[in-house]
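upload37.txt follows; it contains compact mmCIF, C-alpha atoms.
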# COMPACT_ATOMS: atom_id res chain seq x y z
CA MET A 1 40.61 -143.39 -93.62
CA ARG A 2 41.48 -143.48 -89.93
CA LYS A 3 41.46 -139.68 -89.86
CA SER A 4 38.00 -139.66 -91.41
CA ALA A 5 36.72 -142.13 -88.83
CA LYS A 6 38.19 -140.02 -86.05
CA ALA A 7 36.51 -136.93 -87.48
CA ILE A 8 33.19 -138.77 -87.65
CA SER A 9 33.66 -139.93 -84.06
CA VAL A 10 34.32 -136.39 -82.86
CA ALA A 11 31.28 -135.13 -84.77
CA MET A 12 29.11 -137.80 -83.18
CA VAL A 13 30.34 -136.90 -79.71
CA MET A 14 29.59 -133.23 -80.37
CA ALA A 15 26.13 -134.07 -81.70
CA VAL A 16 25.32 -136.14 -78.62
CA PHE A 17 26.63 -133.29 -76.43
CA LEU A 18 24.44 -130.73 -78.20
CA ILE A 19 21.40 -132.98 -78.06
CA GLY A 20 22.03 -133.38 -74.35
CA ILE A 21 22.12 -129.62 -73.86
CA LEU A 22 18.93 -129.12 -75.87
CA THR A 23 17.17 -131.90 -74.01
CA THR A 24 18.25 -130.51 -70.66
CA ASP A 25 17.12 -127.01 -71.62
CA GLY A 26 13.77 -128.35 -72.81
CA GLN A 27 13.23 -130.26 -69.59
CA ALA A 28 14.25 -127.28 -67.47
CA ALA A 29 11.38 -125.13 -68.70
CA THR A 30 8.24 -126.30 -66.90
CA GLU A 31 5.21 -125.45 -69.05
CA ILE A 32 2.34 -123.51 -67.49
CA LEU A 33 -0.83 -123.69 -69.55
CA TRP A 34 -2.98 -120.53 -69.60
CA TRP A 35 -6.43 -120.67 -71.21
CA HIS A 36 -7.84 -117.26 -72.07
CA ALA A 37 -10.67 -115.51 -73.91
CA MET A 38 -8.72 -112.69 -75.54
CA GLY A 39 -9.10 -112.87 -79.32
CA GLY A 40 -7.64 -110.66 -82.07
CA VAL A 41 -5.25 -107.89 -81.12
CA ASN A 42 -5.74 -108.47 -77.39
CA GLY A 43 -4.74 -112.08 -77.94
CA GLU A 44 -1.46 -110.84 -79.40
CA ARG A 45 -0.97 -108.67 -76.33
CA VAL A 46 -1.57 -111.66 -74.06
CA ASN A 47 1.10 -113.53 -76.02
CA LYS A 48 3.54 -110.66 -75.48
CA ILE A 49 2.98 -110.70 -71.71
CA ALA A 50 3.75 -114.43 -71.66
CA ASP A 51 6.73 -114.09 -74.02
CA ASP A 52 8.26 -111.33 -71.89
CA PHE A 53 7.94 -113.47 -68.76
CA ASN A 54 9.44 -116.47 -70.55
CA ALA A 55 12.37 -114.38 -71.77
CA ALA A 56 13.07 -113.04 -68.29
CA GLN A 57 13.75 -116.49 -66.80
CA LYS A 58 14.37 -120.03 -68.05
CA GLU A 59 12.73 -122.20 -65.41
CA TYR A 60 9.10 -121.80 -66.54
CA LYS A 61 7.33 -121.30 -69.84
CA VAL A 62 3.82 -119.84 -69.88
CA VAL A 63 1.83 -121.10 -72.87
CA PRO A 64 -1.29 -119.00 -73.65
CA VAL A 65 -4.14 -120.73 -75.51
CA TYR A 66 -7.24 -118.93 -76.83
CA LYS A 67 -10.36 -120.98 -76.00
CA GLY A 68 -13.16 -118.77 -77.34
CA ASN A 69 -15.32 -116.19 -75.61
CA TYR A 70 -15.65 -115.91 -71.83
CA THR A 71 -18.48 -118.41 -71.51
CA GLU A 72 -16.77 -120.94 -73.79
CA THR A 73 -13.46 -120.61 -71.94
CA MET A 74 -14.98 -121.13 -68.49
CA THR A 75 -17.10 -124.06 -69.69
CA ALA A 76 -14.09 -125.68 -71.37
CA ALA A 77 -11.98 -125.36 -68.22
CA ILE A 78 -14.65 -126.94 -66.00
CA ALA A 79 -15.05 -129.84 -68.43
CA ALA A 80 -11.27 -130.26 -68.71
CA PHE A 81 -10.91 -130.41 -64.92
CA ARG A 82 -13.40 -133.23 -64.74
CA ALA A 83 -11.40 -135.06 -67.39
CA LYS A 84 -8.14 -134.25 -65.54
CA LYS A 85 -6.78 -132.48 -68.64
CA HIS A 86 -7.12 -128.94 -67.36
CA PRO A 87 -4.86 -125.89 -67.64
CA HIS A 88 -2.97 -124.32 -64.76
CA ILE A 89 -4.63 -120.90 -65.25
CA VAL A 90 -8.00 -119.97 -66.73
CA GLN A 91 -9.40 -116.52 -67.43
CA VAL A 92 -12.97 -116.17 -66.12
CA PHE A 93 -15.22 -113.13 -66.45
CA GLU A 94 -16.52 -111.41 -63.36
CA VAL A 95 -20.01 -112.94 -63.42
CA GLY A 96 -18.47 -116.41 -63.25
CA THR A 97 -17.05 -115.69 -59.79
CA ALA A 98 -19.80 -117.42 -57.79
CA THR A 99 -19.67 -120.46 -60.09
CA MET A 100 -15.89 -120.74 -59.67
CA MET A 101 -16.20 -120.35 -55.89
CA ALA A 102 -18.63 -123.27 -55.87
CA ALA A 103 -16.20 -125.50 -57.79
CA GLU A 104 -14.87 -127.17 -54.65
CA GLY A 105 -11.63 -129.04 -55.10
CA ALA A 106 -10.92 -127.39 -58.45
CA VAL A 107 -9.83 -123.89 -57.46
CA TYR A 108 -6.56 -123.01 -55.75
CA PRO A 109 -7.26 -119.53 -54.24
CA VAL A 110 -4.57 -117.26 -55.59
CA GLU A 111 -3.61 -115.74 -52.23
CA GLN A 112 -3.23 -119.17 -50.66
CA MET A 113 -1.32 -120.41 -53.72
CA MET A 114 1.16 -117.53 -53.57
CA ASN A 115 1.65 -117.91 -49.83
CA ASP A 116 2.29 -121.64 -50.25
CA ALA A 117 4.79 -120.85 -53.03
CA GLY A 118 6.59 -118.34 -50.82
CA VAL A 119 5.91 -115.43 -53.18
CA LYS A 120 4.76 -112.17 -51.57
CA LEU A 121 1.35 -110.76 -52.51
CA ASP A 122 0.76 -107.12 -51.56
CA LYS A 123 -3.03 -106.69 -51.65
CA SER A 124 -2.76 -103.03 -50.64
CA ALA A 125 -1.20 -102.31 -54.04
CA PHE A 126 -4.47 -103.05 -55.88
CA LEU A 127 -7.23 -100.55 -56.59
CA PRO A 128 -10.01 -101.18 -54.00
CA ALA A 129 -12.76 -101.15 -56.65
CA VAL A 130 -10.96 -103.94 -58.49
CA ILE A 131 -9.77 -106.27 -55.73
CA SER A 132 -12.91 -106.16 -53.53
CA TYR A 133 -14.97 -107.91 -56.19
CA TYR A 134 -12.80 -111.03 -55.95
CA GLN A 135 -12.28 -111.37 -52.21
CA THR A 136 -13.95 -113.61 -49.67
CA PRO A 137 -15.90 -111.98 -46.81
CA GLY A 138 -12.69 -112.42 -44.79
CA GLY A 139 -10.64 -110.51 -47.36
CA ASP A 140 -8.75 -113.42 -48.97
CA LEU A 141 -8.08 -112.97 -52.69
CA LEU A 142 -9.63 -115.74 -54.79
CA SER A 143 -8.29 -114.92 -58.25
CA MET A 144 -5.76 -112.52 -59.75
CA PRO A 145 -7.25 -109.36 -61.30
CA PHE A 146 -6.10 -109.02 -64.89
CA ASN A 147 -8.34 -107.24 -67.38
CA SER A 148 -10.75 -105.03 -65.48
CA SER A 149 -12.99 -102.49 -67.16
CA THR A 150 -16.15 -100.49 -66.63
CA PRO A 151 -18.65 -99.04 -69.11
CA VAL A 152 -18.30 -95.42 -70.20
CA LEU A 153 -20.07 -93.12 -72.64
CA TRP A 154 -18.09 -92.87 -75.88
CA TYR A 155 -18.92 -89.93 -78.14
CA ASN A 156 -18.02 -88.69 -81.62
CA LYS A 157 -16.53 -85.20 -81.22
CA ASP A 158 -16.86 -84.41 -84.93
CA ALA A 159 -20.53 -85.44 -84.91
CA PHE A 160 -21.15 -83.31 -81.83
CA ALA A 161 -19.59 -80.28 -83.56
CA LYS A 162 -21.70 -80.85 -86.67
CA ALA A 163 -24.88 -81.20 -84.59
CA GLY A 164 -24.08 -78.17 -82.43
CA ILE A 165 -23.68 -80.17 -79.22
CA LYS A 166 -21.26 -78.23 -77.05
CA GLU A 167 -20.68 -80.68 -74.20
CA PRO A 168 -21.07 -84.42 -73.72
CA PRO A 169 -24.28 -85.27 -71.86
CA LYS A 170 -24.20 -85.93 -68.14
CA THR A 171 -27.81 -87.04 -67.65
CA TRP A 172 -30.27 -89.23 -69.53
CA PRO A 173 -32.47 -86.23 -70.46
CA GLU A 174 -29.33 -84.68 -71.98
CA VAL A 175 -28.63 -87.92 -73.89
CA GLU A 176 -32.12 -87.72 -75.36
CA ALA A 177 -31.68 -84.07 -76.32
CA ALA A 178 -28.25 -84.69 -77.89
CA SER A 179 -29.62 -87.69 -79.81
CA LYS A 180 -32.35 -85.57 -81.36
CA LYS A 181 -29.74 -83.08 -82.55
CA LEU A 182 -27.68 -85.88 -84.06
CA LEU A 183 -30.74 -87.17 -85.95
CA GLU A 184 -31.42 -83.66 -87.24
CA ALA A 185 -27.78 -83.46 -88.39
CA GLY A 186 -28.27 -86.56 -90.55
CA TYR A 187 -26.99 -89.39 -88.35
CA LYS A 188 -28.93 -92.67 -88.43
CA SER A 189 -29.38 -92.78 -84.65
CA GLY A 190 -28.38 -90.99 -81.49
CA PHE A 191 -26.80 -93.78 -79.48
CA SER A 192 -26.37 -97.50 -79.10
CA PHE A 193 -24.89 -99.79 -76.47
CA GLY A 194 -23.38 -103.24 -75.99
CA TRP A 195 -23.14 -105.82 -73.19
CA GLN A 196 -26.60 -104.55 -72.37
CA SER A 197 -27.33 -106.39 -69.10
CA TRP A 198 -23.95 -105.28 -67.71
CA VAL A 199 -24.30 -101.68 -68.89
CA MET A 200 -28.03 -100.97 -68.64
CA VAL A 201 -29.14 -103.11 -65.67
CA GLU A 202 -26.11 -103.97 -63.53
CA ASN A 203 -24.19 -100.70 -63.89
CA PHE A 204 -27.33 -98.59 -64.13
CA SER A 205 -28.27 -99.95 -60.71
CA SER A 206 -24.82 -99.42 -59.18
CA TRP A 207 -24.55 -95.91 -60.68
CA HIS A 208 -27.88 -94.98 -59.07
CA ASN A 209 -27.14 -96.89 -55.82
CA LEU A 210 -29.97 -99.35 -56.42
CA ALA A 211 -29.87 -102.99 -55.31
CA LEU A 212 -29.93 -105.68 -57.99
CA GLY A 213 -30.91 -108.22 -55.37
CA THR A 214 -31.12 -108.94 -51.66
CA LYS A 215 -28.22 -110.08 -49.45
CA GLU A 216 -25.93 -107.27 -50.68
CA ASN A 217 -26.29 -108.39 -54.30
CA GLY A 218 -25.44 -111.95 -53.29
CA PHE A 219 -22.23 -111.19 -51.40
CA ALA A 220 -23.88 -111.99 -48.05
CA GLY A 221 -25.46 -115.33 -48.86
CA LEU A 222 -26.83 -117.79 -51.41
CA ASP A 223 -30.45 -117.20 -50.34
CA THR A 224 -30.64 -114.00 -52.39
CA GLU A 225 -33.44 -112.83 -54.67
CA PHE A 226 -33.45 -110.32 -57.51
CA THR A 227 -35.00 -106.89 -57.05
CA PHE A 228 -34.02 -105.17 -60.31
CA ASN A 229 -37.65 -105.13 -61.41
CA ASN A 230 -38.03 -101.87 -59.49
CA ALA A 231 -39.67 -98.70 -60.79
CA ASN A 232 -36.37 -97.01 -61.67
CA VAL A 233 -34.99 -99.83 -63.82
CA LYS A 234 -38.38 -100.24 -65.48
CA ARG A 235 -38.36 -96.53 -66.26
CA MET A 236 -34.94 -96.81 -67.90
CA MET A 237 -36.03 -99.81 -69.94
CA GLY A 238 -39.25 -98.08 -70.94
CA ASP A 239 -37.42 -94.98 -72.11
CA VAL A 240 -34.99 -97.02 -74.22
CA GLY A 241 -37.88 -99.00 -75.71
CA LYS A 242 -39.58 -95.76 -76.67
CA TRP A 243 -36.34 -94.35 -78.10
CA GLN A 244 -35.83 -97.47 -80.23
CA LYS A 245 -38.98 -96.57 -82.19
CA SER A 246 -37.73 -93.08 -83.04
CA LYS A 247 -34.06 -94.13 -83.57
CA ILE A 248 -32.87 -91.96 -80.71
CA PHE A 249 -31.54 -95.40 -79.74
CA ASP A 250 -30.70 -98.26 -82.10
CA TYR A 251 -30.00 -101.75 -80.79
CA GLY A 252 -27.05 -103.61 -82.25
CA GLY A 253 -26.44 -106.79 -80.24
CA ARG A 254 -25.63 -108.22 -76.82
CA ARG A 255 -21.85 -107.93 -76.69
CA GLY A 256 -19.66 -105.69 -78.86
CA ASP A 257 -21.73 -106.24 -82.01
CA SER A 258 -22.87 -102.61 -82.15
CA LEU A 259 -19.33 -101.18 -82.26
CA PRO A 260 -19.48 -100.57 -86.06
CA LYS A 261 -22.51 -98.32 -85.56
CA PHE A 262 -20.21 -96.00 -83.63
CA THR A 263 -16.94 -96.40 -85.54
CA ASN A 264 -18.75 -96.02 -88.89
CA ALA A 265 -20.38 -92.81 -87.59
CA GLU A 266 -23.92 -94.15 -87.82
CA CYS A 267 -24.61 -93.08 -84.24
CA GLY A 268 -22.87 -90.35 -82.28
CA MET A 269 -22.73 -92.04 -78.85
CA TRP A 270 -22.03 -95.54 -77.61
CA LEU A 271 -22.23 -96.99 -74.09
CA ASN A 272 -19.85 -99.86 -73.56
CA SER A 273 -16.60 -100.95 -71.95
CA SER A 274 -13.59 -98.68 -71.54
CA ALA A 275 -11.63 -101.62 -72.96
CA TYR A 276 -12.82 -100.78 -76.48
CA TYR A 277 -10.29 -97.95 -76.53
CA GLY A 278 -7.80 -99.86 -78.68
CA GLY A 279 -10.44 -100.90 -81.20
CA ILE A 280 -12.02 -97.47 -81.47
CA LYS A 281 -8.63 -95.78 -81.82
CA LYS A 282 -7.78 -98.11 -84.68
CA GLN A 283 -11.13 -98.04 -86.50
CA ALA A 284 -12.63 -94.57 -85.99
CA LYS A 285 -11.85 -91.93 -88.64
CA PHE A 286 -13.01 -89.12 -86.39
CA LYS A 287 -12.07 -87.47 -83.10
CA PHE A 288 -13.68 -89.24 -80.17
CA GLY A 289 -13.88 -88.92 -76.42
CA GLN A 290 -15.20 -90.76 -73.42
CA THR A 291 -17.08 -89.46 -70.42
CA MET A 292 -18.90 -90.85 -67.40
CA LEU A 293 -22.17 -92.74 -67.66
CA PRO A 294 -25.35 -90.65 -67.70
CA PHE A 295 -27.77 -90.68 -64.78
CA TYR A 296 -31.30 -89.59 -63.88
CA PRO A 297 -30.94 -86.54 -61.56
CA ASP A 298 -34.38 -87.15 -60.03
CA ILE A 299 -33.29 -90.65 -58.92
CA ILE A 300 -29.92 -89.63 -57.47
CA ALA A 301 -28.42 -86.15 -57.06
CA LYS A 302 -24.92 -87.39 -57.92
CA PRO A 303 -23.84 -90.80 -59.26
CA GLN A 304 -22.51 -93.43 -56.85
CA ASN A 305 -19.86 -95.52 -58.64
CA SER A 306 -19.81 -98.01 -61.50
CA ILE A 307 -18.77 -101.65 -61.16
CA ILE A 308 -16.12 -103.58 -63.00
CA GLY A 309 -16.37 -106.05 -65.79
CA GLY A 310 -13.63 -107.98 -67.51
CA ALA A 311 -11.98 -111.00 -65.96
CA THR A 312 -9.50 -112.45 -63.51
CA LEU A 313 -7.13 -115.39 -63.65
CA TRP A 314 -8.11 -118.45 -61.62
CA VAL A 315 -5.58 -121.11 -60.67
CA LEU A 316 -6.69 -124.74 -60.82
CA LYS A 317 -5.53 -127.53 -58.56
CA GLY A 318 -4.23 -130.91 -59.66
CA HIS A 319 -0.78 -130.05 -61.02
CA PRO A 320 2.67 -130.81 -59.55
CA GLN A 321 3.34 -128.55 -56.58
CA GLY A 322 6.50 -127.21 -58.20
CA ASP A 323 4.44 -125.71 -61.03
CA TYR A 324 2.71 -123.33 -58.66
CA LYS A 325 5.91 -121.50 -57.79
CA GLY A 326 6.17 -120.57 -61.47
CA ILE A 327 2.52 -119.52 -61.53
CA ALA A 328 3.09 -117.29 -58.50
CA GLN A 329 6.07 -115.68 -60.19
CA PHE A 330 4.03 -115.11 -63.34
CA MET A 331 1.23 -113.50 -61.31
CA ASN A 332 3.76 -111.05 -59.90
CA HIS A 333 5.02 -110.29 -63.42
CA LEU A 334 1.47 -109.82 -64.69
CA SER A 335 0.55 -107.35 -61.94
CA SER A 336 3.80 -105.36 -62.06
CA PRO A 337 3.44 -101.59 -62.70
CA GLU A 338 5.25 -101.78 -66.03
CA VAL A 339 3.11 -104.62 -67.44
CA GLN A 340 -0.16 -103.18 -66.13
CA ALA A 341 0.58 -99.65 -67.36
CA TRP A 342 1.39 -101.00 -70.82
CA TRP A 343 -1.72 -103.22 -70.88
CA HIS A 344 -3.92 -100.32 -69.70
CA GLN A 345 -2.55 -97.88 -72.27
CA GLU A 346 -2.83 -100.36 -75.14
CA THR A 347 -6.31 -101.67 -74.38
CA GLY A 348 -8.31 -99.27 -72.21
CA TYR A 349 -8.61 -101.82 -69.42
CA VAL A 350 -8.19 -100.29 -65.98
CA PRO A 351 -4.72 -100.53 -64.40
CA ILE A 352 -5.30 -102.91 -61.51
CA THR A 353 -2.76 -101.30 -59.18
CA THR A 354 -2.20 -97.77 -57.90
CA ALA A 355 1.44 -97.99 -59.03
CA ALA A 356 0.42 -98.74 -62.63
CA TYR A 357 -1.99 -95.79 -62.58
CA GLU A 358 0.70 -93.48 -61.22
CA LEU A 359 3.21 -94.76 -63.79
CA SER A 360 0.74 -93.99 -66.58
CA LYS A 361 0.38 -90.47 -65.18
CA LYS A 362 4.16 -90.06 -65.01
CA GLN A 363 4.51 -91.25 -68.59
CA GLY A 364 2.09 -88.52 -69.67
CA PHE A 365 -0.51 -90.92 -71.07
CA TYR A 366 -3.53 -89.03 -69.73
CA ASP A 367 -2.15 -85.66 -70.85
CA LYS A 368 -1.69 -86.99 -74.38
CA ASN A 369 -4.99 -88.88 -74.37
CA PRO A 370 -7.55 -86.87 -72.37
CA GLY A 371 -10.40 -88.90 -70.93
CA THR A 372 -8.56 -92.21 -70.79
CA ASP A 373 -8.68 -92.10 -66.99
CA THR A 374 -12.49 -91.83 -67.01
CA ALA A 375 -12.97 -95.47 -66.06
CA ILE A 376 -10.64 -95.18 -63.06
CA LYS A 377 -12.36 -92.01 -61.83
CA GLN A 378 -15.78 -93.55 -62.31
CA LEU A 379 -14.94 -96.71 -60.37
CA SER A 380 -13.40 -94.65 -57.56
CA LEU A 381 -16.02 -91.89 -57.53
CA ASN A 382 -17.36 -92.85 -54.10
CA THR A 383 -16.78 -95.56 -51.51
CA PRO A 384 -18.78 -98.58 -52.74
CA THR A 385 -22.03 -99.38 -50.95
CA PRO A 386 -23.63 -102.84 -50.65
CA ASN A 387 -25.54 -101.84 -53.81
CA SER A 388 -22.45 -100.78 -55.77
CA ARG A 389 -19.69 -103.17 -54.74
CA GLY A 390 -20.61 -105.57 -57.50
CA LEU A 391 -22.60 -108.79 -57.66
CA ARG A 392 -22.13 -112.42 -56.73
CA PHE A 393 -25.08 -114.41 -57.99
CA GLY A 394 -24.91 -118.10 -58.81
CA ASN A 395 -25.72 -119.18 -62.38
CA PHE A 396 -25.40 -115.54 -63.45
CA VAL A 397 -23.90 -116.44 -66.81
CA GLN A 398 -27.23 -118.08 -67.73
CA ILE A 399 -29.22 -115.39 -65.91
CA ARG A 400 -27.57 -112.69 -68.02
CA ASP A 401 -28.88 -114.49 -71.10
CA ILE A 402 -32.37 -114.35 -69.59
CA ILE A 403 -32.06 -110.62 -68.90
CA ASN A 404 -30.81 -110.08 -72.45
CA GLU A 405 -33.77 -112.00 -73.88
CA GLU A 406 -36.24 -109.95 -71.87
CA MET A 407 -34.55 -106.67 -72.83
CA GLU A 408 -34.73 -107.62 -76.49
CA ALA A 409 -38.44 -108.28 -76.06
CA ILE A 410 -38.78 -104.62 -75.02
CA TRP A 411 -36.74 -103.33 -77.97
CA ASN A 412 -38.81 -105.30 -80.51
CA GLY A 413 -42.10 -104.30 -78.92
CA GLY A 414 -43.00 -107.80 -77.75
CA LYS A 415 -43.29 -106.86 -74.06
CA THR A 416 -43.63 -103.78 -71.93
CA ALA A 417 -40.69 -102.82 -69.76
CA SER A 418 -42.67 -103.82 -66.66
CA GLN A 419 -43.56 -107.24 -68.02
CA ALA A 420 -40.04 -107.96 -69.22
CA MET A 421 -38.31 -107.02 -65.98
CA ASP A 422 -40.84 -108.93 -63.87
CA ASP A 423 -40.32 -111.99 -66.10
CA ALA A 424 -36.52 -111.63 -65.92
CA VAL A 425 -36.64 -111.57 -62.11
CA LYS A 426 -39.02 -114.52 -61.96
CA ARG A 427 -36.92 -116.64 -64.34
CA GLY A 428 -33.67 -115.53 -62.70
CA ASN A 429 -34.85 -116.41 -59.21
CA LYS A 430 -35.55 -119.98 -60.34
CA LEU A 431 -31.90 -120.35 -61.34
CA LEU A 432 -30.78 -118.78 -58.05
CA ARG A 433 -32.75 -121.40 -56.14
CA LYS A 434 -31.30 -124.15 -58.32
CA PHE A 435 -27.76 -122.89 -57.57
CA GLU A 436 -28.51 -122.58 -53.85
CA LYS A 437 -29.85 -126.12 -53.67
CA ALA A 438 -26.78 -127.51 -55.45
CA ASN A 439 -24.34 -125.71 -53.15
CA LYS A 440 -25.83 -126.12 -49.68
Would you write out, as structure tokens, the structure that this file holds?
Amino acid sequence: MRKSAKAISVAMVMAVFLIGILTTDGQAATEILWWHAMGGVNGERVNKIADDFNAAQKEYKVVPVYKGNYTETMTAAIAAFRAKKHPHIVQVFEVGTATMMAAEGAVYPVEQMMNDAGVKLDKSAFLPAVISYYQTPGGDLLSMPFNSSTPVLWYNKDAFAKAGIKEPPKTWPEVEAASKKLLEAGYKSGFSFGWQSWVMVENFSSWHNLALGTKENGFAGLDTEFTFNNANVKRMMGDVGKWQKSKIFDYGGRRGDSLPKFTNAECGMWLNSSAYYGGIKKQAKFKFGQTMLPFYPDIIAKPQNSIIGGATLWVLKGHPQGDYKGIAQFMNHLSSPEVQAWWHQETGYVPITTAAYELSKKQGFYDKNPGTDTAIKQLSLNTPTPNSRGLRFGNFVQIRDIINEEMEAIWNGGKTASQAMDDAVKRGNKLLRKFEKANK
């Protein structure tokens, strides 16, 4: 009996000891909450990045949480900050930059945060086309580049062979000619596109070195006004509206909704983000390629450069200061050559650093997958001009919806291209003035 009691006593001591260890270990790992907009397979990849960081050290634990699409994630984070229940890190798409900059007291600029945490940030390591979009006029980095992309022209190699198209088109007249051949070969349409404001207005303008608005597309001041209702953009919109009637073009939605038109071989070409590489590779039952965006040779002799899309990671204030050291360490992990090369090769997003690009080259990725460096070459084609650096307009999330509405009015025949673009500029300028008034 006494022996049994002694055994029970020893067992209890061991149990308390183990509980103590587990409790200590649990307390040692400071949780860092990361809200993101990566669903599906990309959400799994985000989880892997966090898991690998967590496994590499025991002091911090990054917890990724999917919060919906880009707009929903940014809106949720702003509301959570007001309620003081916000995450440490939030993923925000590029057109939310001006809105985040205006959120005074909420944002902890990433360069300042890393300096305060004593963690080195080498800005020279980043691709200029990526980092410049997210810097202040003085060059300070506001948010950490993560998933950057640019639109490209995807094409069905098997469909091209069937239709007798020998080379992917370089110009818009060549896109029209190739589309007619695809229709003759039995395909439902020639081409489609997604994220239409980004691809067909914002990047069309950058690619042709045309201003979207005054004040260097908003980089030089809040008192900016839109100018994308120019003759060249109206011409592009008018051509697409005309092509919709003959099925040279076939509209399929504002975001990635039209992807099945391409992967199901309904159309032979698709203009959308380079980041659809993973999805197309998985879904397409045909050989495919990607090439640079088409241009009008009578507008510009050679294209300028495209601009990035995707998102960056913004750090929010209001957490214990010790948490930010872990965030800084995670940012370094996230931007390391190994992580970025893997992310780039899996998704089609652009590697954000030169080292990650070089590592992908060394690993033979571009030799095995020709064309997968198209986005990088396109972004770096020429030194960006004030027209092609990007855009920084307030309320642009809502303004994009306006542009999309007006574009759809062209596709369905409700408005002419001229009317729609004039209306988009007029409606957009009202929101610019509203943003300017609120942030003076």
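Taking CA of Met236 (chain A) and CA of Tyr187 (chain A) as endpoints, the distance between them is 23.2 Å.
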> If you count only C-alpha atoms, which residues fall within 10 Å of Gly252 (chain A), apart from same-chain ones fewer than 6 positions away, as a PyMOL selection string?
Replying inline: chain A and resi 192-194+196+258-261
Counting all atoms listed in the file, which residues come within 9 Å of (-2.7, -119.8, -52.9), with the point read in the file's coordinates, and could you list them as a PDB file with C-alpha atoms, in the frame of the given file?
ATOM      1  CA  TYR A 108      -6.560-123.010 -55.750  1.00  0.00           C
ATOM      2  CA  PRO A 109      -7.260-119.530 -54.240  1.00  0.00           C
ATOM      3  CA  VAL A 110      -4.570-117.260 -55.590  1.00  0.00           C
ATOM      4  CA  GLU A 111      -3.610-115.740 -52.230  1.00  0.00           C
ATOM      5  CA  GLN A 112      -3.230-119.170 -50.660  1.00  0.00           C
ATOM      6  CA  MET A 113      -1.320-120.410 -53.720  1.00  0.00           C
ATOM      7  CA  MET A 114       1.160-117.530 -53.570  1.00  0.00           C
ATOM      8  CA  ASN A 115       1.650-117.910 -49.830  1.00  0.00           C
ATOM      9  CA  ASP A 116       2.290-121.640 -50.250  1.00  0.00           C
ATOM     10  CA  ALA A 117       4.790-120.850 -53.030  1.00  0.00           C
ATOM     11  CA  LEU A 141      -8.080-112.970 -52.690  1.00  0.00           C
ATOM     12  CA  LEU A 142      -9.630-115.740 -54.790  1.00  0.00           C
ATOM     13  CA  VAL A 315      -5.580-121.110 -60.670  1.00  0.00           C
ATOM     14  CA  TYR A 324       2.710-123.330 -58.660  1.00  0.00           C
ATOM     15  CA  ALA A 328       3.090-117.290 -58.500  1.00  0.00           C
TER      16      ALA A 328
END
> Restricting the calculation to all atoms listed in the file, which member of A:Gly43, A:Pro128, A:Gly278, A:Gly238 is positioned closest to Asn412 (chain A)?
Replying inline: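 The shortest atom-to-atom distance to Asn412 (chain A) comes from A:Gly238.
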> Any idea what the distance is between CA of Gln135 (chain A) and CA of Trp314 (chain A)?
Replying inline: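 Atom-to-atom, CA of Gln135 (chain A) to CA of Trp314 (chain A), that is 12.5 Å.
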What box, with edges along x, y and z, holds each listed atom of region 192-204 of chain A when 3 Å is added on every side, and can you state its centre and edge lengths in Å to one decimal, as lines of an AutoDock Vina configuration file?
center_x = -26.1
center_y = -101.9
center_z = -71.3
size_x = 12.0
size_y = 14.9
size_z = 21.6
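Take CA of Cys267 (chain A) and CA of Lys377 (chain A): the distance between them is 25.6 Å.
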> Nearest to Thr263 (chain A): which of A:Lys281, A:Ala275, A:Tyr60, A:Ser179 is it, counting all atoms listed in the file?
Replying inline: A:Lys281
>> (-39.4, -108.8, -64.7) in this file's frame - what residues fall within 9 Å of it? Use only C-alpha atoms and give the answer as a ChimeraX atom specification.
In response: /A:228-230,234,403,406,417-427
>> If we count all atoms listed in the file and set the cut-off at 10 Å, which residues sit around Trp34 (chain A), ignoring sequence neighbours fewer than 4 positions away in its own chain? Please answer as a ChimeraX atom specification.
In response: /A:50,62-67,86-91,313-315,327
Export of prior selection with C-alpha atoms as a short mmCIF file (atom, residue, chain, number, x, y, z; two decimals), in the frame of the given file:
data_model
loop_
_atom_site.label_atom_id
_atom_site.label_comp_id
_atom_site.auth_asym_id
_atom_site.auth_seq_id
_atom_site.Cartn_x
_atom_site.Cartn_y
_atom_site.Cartn_z
CA ALA A 50 3.75 -114.43 -71.66
CA VAL A 62 3.82 -119.84 -69.88
CA VAL A 63 1.83 -121.10 -72.87
CA PRO A 64 -1.29 -119.00 -73.65
CA VAL A 65 -4.14 -120.73 -75.51
CA TYR A 66 -7.24 -118.93 -76.83
CA LYS A 67 -10.36 -120.98 -76.00
CA HIS A 86 -7.12 -128.94 -67.36
CA PRO A 87 -4.86 -125.89 -67.64
CA HIS A 88 -2.97 -124.32 -64.76
CA ILE A 89 -4.63 -120.90 -65.25
CA VAL A 90 -8.00 -119.97 -66.73
CA GLN A 91 -9.40 -116.52 -67.43
CA LEU A 313 -7.13 -115.39 -63.65
CA TRP A 314 -8.11 -118.45 -61.62
CA VAL A 315 -5.58 -121.11 -60.67
CA ILE A 327 2.52 -119.52 -61.53
#
>> Give me, as a VMD selection string, all polymer residues having an atom no more than 12 Å from Glu338 (chain A), counting only C-alpha atoms and skipping those fewer than 5 positions away in the same chain.
In response: chain A and resid 49 52 332 to 333 343 to 345 351 to 360 362 to 363
>> Restricting the calculation to only C-alpha atoms: of A:Met38, A:Leu222, A:Ala29, A:Ala211, which residue gets closest to Arg433 (chain A)?
In response: A:Leu222
> Got a sec: who's within 10 Å of Glu346 (chain A), counting all atoms listed in the file, leaving out chain neighbours fewer than 4 positions off, as number ranges by chain?
Replying inline: A: 41-42, 45, 275, 277-279, 281, 340-342
>> So, with only C-alpha atoms as the atoms that count, which of A:Tyr349, A:Phe219, A:Trp154, A:Phe393 lies closest to Ser132 (chain A)?
In response: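 Answer, going by the shortest atom-to-atom distance: A:Phe219.
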